[in-house]
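These notes are about the structure you will find just below.
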Amino acid sequence: MLKIVFLGSGGAIPRPCRELPGVLIEVDRYRILIDPSEGTVRRLESIGVSPLKLTHIMVTHLHADHVNGLPGLLATMLMLNRVTPVTVIGPVGISDFTPTPINSSFRINIIELKPASEITLIESVDNLELRYVTTYHTVQNNSYSVTLRRPIGTFNPDKARELGIPVIYWRRIQMGETVVLPDGRVIEPTMVMSNVGNRSLTVTYTGDTSPGDGVVKLARGSSVLIHDSTYLPNDAKEAESRGHSTCLDAALDAKEAGVKLLILTHMSFRYGYEYYWDFLKCAGGIFPHTLTARDNMIIEI
Ligand SMILES: [Zn+2]
Ligand SMILES: [Zn+2]
């Protein structure tokens with residue numbers, strides 16, 4: 001199972017109805033926080049998640065409303081005597097926001113990502129895969145995807161034994177890998193599995209971005225696409241000049257990428273909560289499987 005919690009769904013300036021951006025993704029033993037904006041520690045506490053539980057912090061870009069909570073979050077981990085390492089992933093310059101405290105009890109693994117126009121794998125560990133692509137904004141913005149790989153079909157152990165496939169290869173085959181045995185035989189998953197299909201779960205998070213190819217490629221086939229939806233279509237010119245998207249742009253990207261669910265987020269502070277349905281109606285007309293994010297909204301897939 002994969003769980004998504006919205007810590008904040010607004011952009012630029014926090015309002016009582018919408019905090020600044022932040023999404024927590026829980027999958028297996030991993031706790032991945034994307035965009036640690038101001039007030040992140042307090043908001044984590046309000047949903048009962050200790051900063052000690054976080055395994056990854058991913059920053060889309062270095063605008064204040066996406067990264068200003070990072071130093072405080074790391075300082076809180078220090079105060080709580082964290083001992084396990086934490087991985088901080090972000091664009092070029094992210095290391096300036098992650099000073100290693102003197103006498104720190106824990107290690108900070110910093111992964112500073114250069115701009116990438118193609119989908120790029122950041123990390124693959126256990127069944128988890130993290131990818132990014134750099135998309136258009138006023139500064140380097142990395143859109144991220146988090147994938148939970150699951151067995152691609154029903155495994156037939158009798159068939160595997162009959163073919164003499166050593167047990168150490170079974171797991172890899174179940175996850176969809178074609179393996180080469182020591183005797184040179186090539187084993188395709190379909191040789192020992194039935195009902196084969198793509199059962200992985202992917203969440204794609206755009207950060208602040210204009211719509212476009214990069215987002216669509218990264219989000220292709222995702223279970224959930226969390227898309228910049230800063231403006232309503234009336235303000236499309238402003239969206240374009242500031243490297244953001246309207247709810248209509250988000251819906252068109254979602255449709256083209258063939259995602260299962262679109263969630264609009266990063267609504268401008270100019271829109272009060274009363275605009276909730278305007279965003280939903282606008283995007284839903286193009287892509288019916290749409291939700292408008294609310295703070296503390298939880299999605300489980
Ligand atoms: Zn922003
Ligand atoms: Zn921004």
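Chain lettering (A, B, ...) mirrors the order of the structure tokens, residue numbering begins at 1 for each chain separately, and ligand numbering begins at 1 in order of display.
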Proximity check chain A to ligand 2, 9 Å, nearest pairs one decimal Å, only C-alpha atoms and all ligand atoms, as CSV:
```
residue,atom,partner,partner_atom_place_in_ligand_line,distance
A:Gly11,CA,ligand 2,1 (Zn),8.3
A:Ala12,CA,ligand 2,1 (Zn),7.8
A:Thr60,CA,ligand 2,1 (Zn),8.6
A:His61,CA,ligand 2,1 (Zn),6.7
A:Leu62,CA,ligand 2,1 (Zn),7.4
A:His63,CA,ligand 2,1 (Zn),5.0
A:Ala64,CA,ligand 2,1 (Zn),7.8
A:Asp65,CA,ligand 2,1 (Zn),7.3
A:His66,CA,ligand 2,1 (Zn),7.3
A:His137,CA,ligand 2,1 (Zn),6.8
A:Thr138,CA,ligand 2,1 (Zn),7.0
A:Val139,CA,ligand 2,1 (Zn),7.3
A:Asn141,CA,ligand 2,1 (Zn),7.7
A:Gly207,CA,ligand 2,1 (Zn),7.6
A:Asp208,CA,ligand 2,1 (Zn),5.0
A:Thr209,CA,ligand 2,1 (Zn),7.7
A:Arg242,CA,ligand 2,1 (Zn),8.4
A:Gly243,CA,ligand 2,1 (Zn),7.9
A:His244,CA,ligand 2,1 (Zn),8.0
```
Interface rows for stretch 207-298 of chain A against stretch 181-202 of chain A: nearest pair, Å to one decimal, 10 Å, only C-alpha atoms, as a Markdown table:
```
| residue | atom | partner | partner_atom | distance |
| --- | --- | --- | --- | --- |
| A:Leu218 | CA | A:Thr202 | CA | 9.9 |
| A:Ala219 | CA | A:Thr202 | CA | 8.2 |
| A:Arg220 | CA | A:Thr202 | CA | 9.4 |
| A:Gly221 | CA | A:Thr202 | CA | 7.9 |
| A:Ser222 | CA | A:Thr202 | CA | 4.8 |
| A:Ser223 | CA | A:Thr202 | CA | 5.3 |
| A:Val224 | CA | A:Thr202 | CA | 6.6 |
| A:Leu225 | CA | A:Thr202 | CA | 8.5 |
| A:Val259 | CA | A:Thr202 | CA | 9.5 |
```
A:Pro71 surroundings by only C-alpha atoms, 9 Å radius, close-in-sequence under 4 positions cut, as a PyMOL selection string = chain A and resi 67+75-76+97-99
Could you turn the residues from that selection into a file that holds N, CA and C atoms, as a PDB file, in the first residue's frame?
```pdb
ATOM      1  N   VAL A  67      11.213  25.177   0.369  1.00  0.00           N
ATOM      2  CA  VAL A  67      12.451  24.687   0.994  1.00  0.00           C
ATOM      3  C   VAL A  67      12.741  25.328   2.357  1.00  0.00           C
ATOM      4  N   ALA A  75      17.343  20.509  12.005  1.00  0.00           N
ATOM      5  CA  ALA A  75      17.719  20.888  13.375  1.00  0.00           C
ATOM      6  C   ALA A  75      16.872  20.125  14.394  1.00  0.00           C
ATOM      7  N   THR A  76      15.582  19.934  14.066  1.00  0.00           N
ATOM      8  CA  THR A  76      14.707  19.182  14.979  1.00  0.00           C
ATOM      9  C   THR A  76      15.161  17.731  15.093  1.00  0.00           C
ATOM     10  N   PHE A  97      21.295  24.479   1.838  1.00  0.00           N
ATOM     11  CA  PHE A  97      20.200  24.453   2.818  1.00  0.00           C
ATOM     12  C   PHE A  97      20.367  23.313   3.825  1.00  0.00           C
ATOM     13  N   THR A  98      21.438  22.546   3.668  1.00  0.00           N
ATOM     14  CA  THR A  98      21.613  21.381   4.530  1.00  0.00           C
ATOM     15  C   THR A  98      22.966  21.409   5.226  1.00  0.00           C
ATOM     16  N   PRO A  99      23.195  22.410   6.065  1.00  0.00           N
ATOM     17  CA  PRO A  99      24.468  22.444   6.776  1.00  0.00           C
ATOM     18  C   PRO A  99      24.563  21.245   7.720  1.00  0.00           C
TER      19      PRO A  99
END
```
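For the set A:Glu123, A:Asp278, A:Asp28, A:Asp228, the residue with the smallest atom-to-atom gap to A:Leu262 is A:Asp228, counting only C-alpha atoms.
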Quick one: everything within 8 Å of A:Ser117, counting only C-alpha atoms, minus sequence neighbours fewer than 2 positions away in the same chain. Send it as a ChimeraX atom specification.
-> /A:115,119,133-135,214
